[in-house]
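Structure first, commentary second.
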Amino acid sequence: MIQASHLTKQFGALTAISDVSFDVGRGEIVGFLGPNGAGKSTTMRILAGVFPPTSGRAVVAGYDVVTDSLRARGVVGYAPERVALYLDMTVREYLIYVADMKAVAPSRRSAGVDAALASAGVAHMAGRLIGTLSKGYRQRVGIAQAMVGDPHVLILDEPTAGLDPEQVAEVRRLIRRLRGERTVILSTHILSEVEATCDRVIIINRGRVLAVDAPRNLNQRLRHTSQIHLEVRAAADAVAGRLRAIPGVLAVEAAGDAAEGGAAFIVTTEKDSDLRADLAAAISAAQWPLLELRPVSLSLEAIFLSLVTEAAADTPNEIPGRLPA
Amino acid sequence: MKFLVVCRRELRSYFSSYIAYILLAIFLLLSGYFFYSDLIFFVLFGGYVLPTGLWQYVFLDMRLCTLLVLPLLTMRLFAEEKKLGTIELLWTYPVRDGEVVLGKFLAAWIFFIIMLLATVINPLLFYHFYHFDFGPLLAAYLGIFLLGTAFIACGLFISSLTENQVVSAMATYGILVFFWFLTWNEEVAEQRIIQVLLHLSLFDHFYNFSRGVIDTQDVAFFTLFVFFFLFLTFESLGVRKWRGIR
């Protein structure tokens with residue numbers, strides 16, 4: 001559905017993205033993951049037709065975004081990171097305007113607007129002036145305008161930024177509902193968001209694609225050991241000694257955030273071995289009150305660090321641009 | 001026909017804020033007052049020839065009202081969308097840059113036509129008391145219509161260059177006033193250059209209209225002026241393609 005090959009965008013001396021290539025299949029939900037300034041928005045803007053790439057080619061639903069820009073824009077719905085709307089219109093008036101701009105047939109316009117209102121969860125705000133809406137609702141109106149006209153491809157730049165937790169969950173549900181019927185590209189800098197919604201993730205840093213893979217595989221590939229966070233109400237030295245004796249435990253380090261009278265540890269174990277049951281058994285055998293026991297997932301920072309180190313260790317042309325999904 | 005969608009949104013934006021009404025009110029107030037005082041002058045000092053005795057003064061004054069009001073009307077057209085960031089979404093819709101330019105131009109143009117039509121009440125009232133020949137009056141209206149259209153095209157272009165509405169209005173004033181004063185002091189340059197400048201002066205081309213004379217040269221000048229600035233606007237929108245937005 002989307003083929004991006006060797007996209008490069010330069011703004012004067014600044015190179016925003018460099019040699020970005022990826023494919024997205026029909027009905028797939030793909031997440032762009034990267035820190036601020038990595039080039040996520042630039043890539044999405046090129047796909048949405050805001051500006052062309054300096055070099056490289058992007059094809060959306062068979063239409064080249066440069067040479068066939070109007071038709072490409074016709075099949076793409078885009079919600080920018082900083083959703084800016086006309087504040088002097090009501091939500092419904094605005095979406096009708098968007099439908100007209102996207103040349104939705106007058107006979108289907110009203111139904112299309114209603115559907116977009118409903119799926120973005122703003123139907124009850126249809127009559128309100130956009131200027132009086134909270135940021136969360138404006139964000140959702142931004143998603144609604146992207147959905148007007150039933151585009152094949154949705155490009156959502158940080159769709160959950162600035163929303164409260166309940167709204168974040170709602171937007172993620174909305175995106176998951178689209179799986180299979182629409183092709184969705186969304187960007188985020190939150191790892192759990194990608195894990196919760198995306199089939200594949202494209203990790204981008206400093207304008208370059210570092211990896212393209214399913215979130216689960218990525219986690220597996222980058223993790224060389226597993227870690228467990230553990231908190232026990234007992235003397236720290238005794239606990240650490242007991243834990244180190246368990247087979248499979250590689251290291252036990254004190255973690256600084258223990259409650260009064262307790263001790264907290266990060267237990268490092270071999271990759272792919274879940275020692276949570278063994279740890280719990282050892283602690284209850286010693287009759288220490290167990291306060292907390294949870295696996296530590298790899299943080300975004302850790303993923304980046306390991307990817308950047310991996311990239312530096314490899315020769316440059318072996319940086320994974322297009323790994324099998 | 002996307003330019004009509006753009007135009008409709010701009011028009012509703014004008015009329016949903018009080019700014020349009022204030023501009024309209026001030027324009028009508030000033031042009032009404034000038035009409036009144038010029039008429040008094042014409043009657044008291046015993047004018048006989050309506051085109052040069054009354055209409056010329058009325059329309060030279062109306063020219064000032066137009067100069068005052070139109071840059072305030074056009075300053076927001078692109079600058080506001082750039083400031084708010086709404087322009088980014090506009091570029092992602094399947095609409096040509098040319099349609100956007102045309103739609104915004106048309107909206108300001110329609111507003112200006114409404115402004116002009118509202119002033120027709122002054123001569124109509126006068127006609128009620130004194131029957132005159134409509135020809136010279138229509139010529140003068142055509143002149144102010146072309147002049148205002150040129151102002152709008154210029155203002156639209158300036159608005160596409162900045163995201164600051166005050167800068168947009170001030171720069172438009174600067175250019176338009178420059179085109180006015182261009183020929184005020186004929187000593188600034190040698191005769192040959194003055195002859196060229198004279199052809200570029202917006203207000204010199206308006207002068208004939210105000211006396212009831214339609215010269216195709218003047219019509220052609222204004223038409224070229226408008227298309228030139230619309231073309232510049234179109235080109236300036238293309239800047240995002242290599243410079244990006246924001």
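Ligands are numbered from 1 in the order shown, residues from 1 within each chain, and chains are lettered A, B, ... in the order they appear in the structure tokens.
Using only C-alpha atoms, the contacts of Leu29 of chain B at a cut-off of 12 Å, with sequence neighbours closer than 5 positions omitted, comprise Tyr21, Ile22, Leu23, Leu24, Phe34, Phe35, Tyr36, Met62, Cys65, Val69, Met115, Ala118, Thr119 and Asn122 of chain B.
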### Message
Only residues of chain B matter here; which ones have an atom within 6 Å of chain A, counting only C-alpha atoms? Give them as an NGL selection string.
### Response
:B and (85-86 or 91-94 or 241 or 243)
### Message
Please return, as a PyMOL selection string, all residues of segment 7-230 of chain B that DSSP assigns to alpha helix (DSSP H) on the basis of the backbone.
### Response
chain B and resi 7-16+18-44+50+56-74+76-84+86-92+97-119+121-129+134-159+165-181+191-200+202-210+216-230
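Our summary of the geometry notes that atom CA of Val122 of chain A is positioned 28.4 Å from atom CA of Tyr18 of chain B.
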#### Entry: Residue set, segment 23-271 of chain A restricted to strand (DSSP E), as a count of residues only
65
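Distances to Leu7 of chain A were evaluated for A:Ala280, A:Val66, A:Ala120, A:Leu307 using only C-alpha atoms, and the minimum falls at A:Val66.
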### Query
If we count only C-alpha atoms, what is near segment 71-79 of chain B at a cut-off of 6 Å, once residues fewer than 6 positions away on the same chain are taken out, given as a PyMOL selection string?
chain B and resi 155-156+159-160+162-165+168-169
Would you save the residues from that selection as an mmCIF file, in the first residue's frame, using N, CA and C atoms?
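Output below, filename out27.cif:
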```cif
data_model
loop_
_atom_site.group_PDB
_atom_site.id
_atom_site.type_symbol
_atom_site.label_atom_id
_atom_site.label_comp_id
_atom_site.auth_asym_id
_atom_site.auth_seq_id
_atom_site.Cartn_x
_atom_site.Cartn_y
_atom_site.Cartn_z
ATOM 1 N N GLY B 155 -2.182 42.501 -1.554
ATOM 2 C CA GLY B 155 -2.299 42.114 -0.147
ATOM 3 C C GLY B 155 -2.251 40.605 0.039
ATOM 4 N N LEU B 156 -2.871 39.887 -0.887
ATOM 5 C CA LEU B 156 -2.876 38.422 -0.820
ATOM 6 C C LEU B 156 -1.449 37.890 -0.927
ATOM 7 N N SER B 159 0.466 38.570 2.237
ATOM 8 C CA SER B 159 -0.002 37.689 3.296
ATOM 9 C C SER B 159 0.599 36.291 3.171
ATOM 10 N N SER B 160 0.929 35.890 1.945
ATOM 11 C CA SER B 160 1.490 34.550 1.761
ATOM 12 C C SER B 160 2.961 34.491 2.161
ATOM 13 N N THR B 162 4.239 35.931 5.086
ATOM 14 C CA THR B 162 4.497 36.073 6.518
ATOM 15 C C THR B 162 3.425 35.361 7.322
ATOM 16 N N GLU B 163 3.731 35.076 8.584
ATOM 17 C CA GLU B 163 2.689 34.539 9.442
ATOM 18 C C GLU B 163 2.215 35.598 10.428
ATOM 19 N N ASN B 164 2.725 36.825 10.262
ATOM 20 C CA ASN B 164 2.338 37.898 11.161
ATOM 21 C C ASN B 164 1.394 38.851 10.429
ATOM 22 N N GLN B 165 0.175 38.990 10.965
ATOM 23 C CA GLN B 165 -0.834 39.772 10.252
ATOM 24 C C GLN B 165 -0.493 41.263 10.225
ATOM 25 N N SER B 168 1.990 41.758 7.631
ATOM 26 C CA SER B 168 1.296 41.606 6.357
ATOM 27 C C SER B 168 0.598 42.903 5.946
ATOM 28 N N ALA B 169 -0.152 43.514 6.886
ATOM 29 C CA ALA B 169 -0.878 44.748 6.567
ATOM 30 C C ALA B 169 0.104 45.890 6.294
#
```
### Message
List the spatial neighbours of segment 27-34 of chain A as a ChimeraX atom specification - criterion: any atom at most 8 Å away, only C-alpha atoms, same-chain residues fewer than 5 positions off excluded.
### Response
/A:40,178-191,194,197-205
Can you spit out the residues from that selection as an mmCIF file, in the first residue's frame, using N, CA and C atoms?
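See selection_24.cif below for the written result:
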```cif
data_model
loop_
_atom_site.group_PDB
_atom_site.id
_atom_site.type_symbol
_atom_site.label_atom_id
_atom_site.label_comp_id
_atom_site.auth_asym_id
_atom_site.auth_seq_id
_atom_site.Cartn_x
_atom_site.Cartn_y
_atom_site.Cartn_z
ATOM 1 N N LYS A 40 10.426 11.593 12.107
ATOM 2 C CA LYS A 40 9.116 10.938 11.959
ATOM 3 C C LYS A 40 8.141 11.853 11.218
ATOM 4 N N LEU A 178 -9.341 -0.382 13.283
ATOM 5 C CA LEU A 178 -9.098 -0.151 11.854
ATOM 6 C C LEU A 178 -8.261 -1.252 11.226
ATOM 7 N N ARG A 179 -7.708 -2.123 12.082
ATOM 8 C CA ARG A 179 -6.805 -3.159 11.574
ATOM 9 C C ARG A 179 -7.518 -3.999 10.513
ATOM 10 N N GLY A 180 -6.843 -4.206 9.404
ATOM 11 C CA GLY A 180 -7.419 -5.057 8.365
ATOM 12 C C GLY A 180 -8.175 -4.268 7.317
ATOM 13 N N GLU A 181 -8.862 -3.182 7.726
ATOM 14 C CA GLU A 181 -9.617 -2.429 6.715
ATOM 15 C C GLU A 181 -8.856 -1.212 6.203
ATOM 16 N N ARG A 182 -8.063 -0.594 7.056
ATOM 17 C CA ARG A 182 -7.289 0.567 6.602
ATOM 18 C C ARG A 182 -5.809 0.300 6.859
ATOM 19 N N THR A 183 -5.003 0.973 6.089
ATOM 20 C CA THR A 183 -3.578 0.935 6.353
ATOM 21 C C THR A 183 -3.275 2.153 7.222
ATOM 22 N N VAL A 184 -2.614 1.918 8.331
ATOM 23 C CA VAL A 184 -2.374 3.019 9.266
ATOM 24 C C VAL A 184 -0.884 3.149 9.548
ATOM 25 N N ILE A 185 -0.398 4.371 9.464
ATOM 26 C CA ILE A 185 0.954 4.657 9.953
ATOM 27 C C ILE A 185 0.799 5.650 11.090
ATOM 28 N N LEU A 186 1.331 5.332 12.243
ATOM 29 C CA LEU A 186 1.272 6.294 13.331
ATOM 30 C C LEU A 186 2.652 6.474 13.906
ATOM 31 N N SER A 187 2.891 7.636 14.461
ATOM 32 C CA SER A 187 4.200 7.865 15.060
ATOM 33 C C SER A 187 4.023 8.080 16.549
ATOM 34 N N THR A 188 5.052 7.766 17.273
ATOM 35 C CA THR A 188 4.985 7.917 18.714
ATOM 36 C C THR A 188 6.406 7.857 19.263
ATOM 37 N N HIS A 189 6.583 8.314 20.488
ATOM 38 C CA HIS A 189 7.853 8.019 21.129
ATOM 39 C C HIS A 189 7.627 7.162 22.362
ATOM 40 N N ILE A 190 6.438 6.545 22.419
ATOM 41 C CA ILE A 190 6.111 5.688 23.547
ATOM 42 C C ILE A 190 6.121 4.239 23.076
ATOM 43 N N LEU A 191 7.016 3.453 23.654
ATOM 44 C CA LEU A 191 7.186 2.079 23.210
ATOM 45 C C LEU A 191 5.923 1.257 23.431
ATOM 46 N N VAL A 194 3.311 1.403 20.725
ATOM 47 C CA VAL A 194 3.598 0.582 19.553
ATOM 48 C C VAL A 194 3.240 -0.869 19.844
ATOM 49 N N THR A 197 -0.585 -1.366 19.750
ATOM 50 C CA THR A 197 -1.404 -1.155 18.563
ATOM 51 C C THR A 197 -0.806 -1.660 17.254
ATOM 52 N N CYS A 198 0.506 -1.800 17.175
ATOM 53 C CA CYS A 198 1.096 -1.956 15.838
ATOM 54 C C CYS A 198 1.488 -3.385 15.497
ATOM 55 N N ASP A 199 1.361 -3.716 14.190
ATOM 56 C CA ASP A 199 1.837 -4.999 13.689
ATOM 57 C C ASP A 199 3.348 -4.968 13.507
ATOM 58 N N ARG A 200 3.804 -3.798 13.066
ATOM 59 C CA ARG A 200 5.240 -3.667 12.827
ATOM 60 C C ARG A 200 5.691 -2.311 13.317
ATOM 61 N N VAL A 201 6.962 -2.202 13.577
ATOM 62 C CA VAL A 201 7.492 -0.930 14.034
ATOM 63 C C VAL A 201 8.714 -0.557 13.194
ATOM 64 N N ILE A 202 8.767 0.723 12.864
ATOM 65 C CA ILE A 202 9.929 1.247 12.143
ATOM 66 C C ILE A 202 10.640 2.170 13.118
ATOM 67 N N ILE A 203 11.850 1.806 13.476
ATOM 68 C CA ILE A 203 12.581 2.639 14.431
ATOM 69 C C ILE A 203 13.484 3.580 13.658
ATOM 70 N N ILE A 204 13.353 4.856 13.991
ATOM 71 C CA ILE A 204 14.047 5.874 13.224
ATOM 72 C C ILE A 204 14.773 6.785 14.211
ATOM 73 N N ASN A 205 15.990 7.123 13.880
ATOM 74 C CA ASN A 205 16.769 8.007 14.743
ATOM 75 C C ASN A 205 17.685 8.850 13.880
#
```
### Task
Would you work out the distance separating atom CA of Val232 of chain A from atom CA of Gly262 of chain A, expressed in Å to one decimal?
5.5 Å
### Point-to-point distance from atom CA of Phe234 of chain B to atom CA of Arg12 of chain B, Å rounded to tenths
23.0 Å
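The environment of Ala220 of chain B within 12 Å, counting only C-alpha atoms and disregarding residues fewer than 2 places along the same chain, consists of B:Gly143, B:Leu146, B:Leu147, B:Ala150, B:His199, B:Leu200, B:Leu202, B:His205, B:Phe206, B:Ile214, B:Asp215, B:Thr216, B:Gln217, B:Asp218, B:Phe222, B:Thr223, B:Leu224, B:Phe225, B:Val226, B:Phe227, B:Phe228.
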Excluding same-chain residues fewer than 5 positions from Leu60 of chain B, what lies within 10 Å of it counting only C-alpha atoms, as a short mmCIF file (atom, residue, chain, number, x, y, z; two decimals) with C-alpha atoms, in the first residue's frame?
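After the write, selection_38.cif holds the following:
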```
data_model
loop_
_atom_site.label_atom_id
_atom_site.label_comp_id
_atom_site.auth_asym_id
_atom_site.auth_seq_id
_atom_site.Cartn_x
_atom_site.Cartn_y
_atom_site.Cartn_z
CA PHE B 34 -16.70 62.20 1.92
CA TRP B 55 -17.49 62.34 -9.02
CA CYS B 65 -10.91 54.62 2.13
CA ALA B 140 -15.61 55.76 -11.84
CA ILE B 144 -12.38 51.91 -8.00
CA PHE B 203 -3.11 56.03 -8.83
CA PHE B 206 -7.04 55.46 -11.61
CA TYR B 207 -7.14 59.18 -12.34
CA PHE B 209 -11.61 56.61 -14.33
CA SER B 210 -12.44 59.12 -11.61
CA ARG B 211 -13.19 61.70 -14.31
#
```
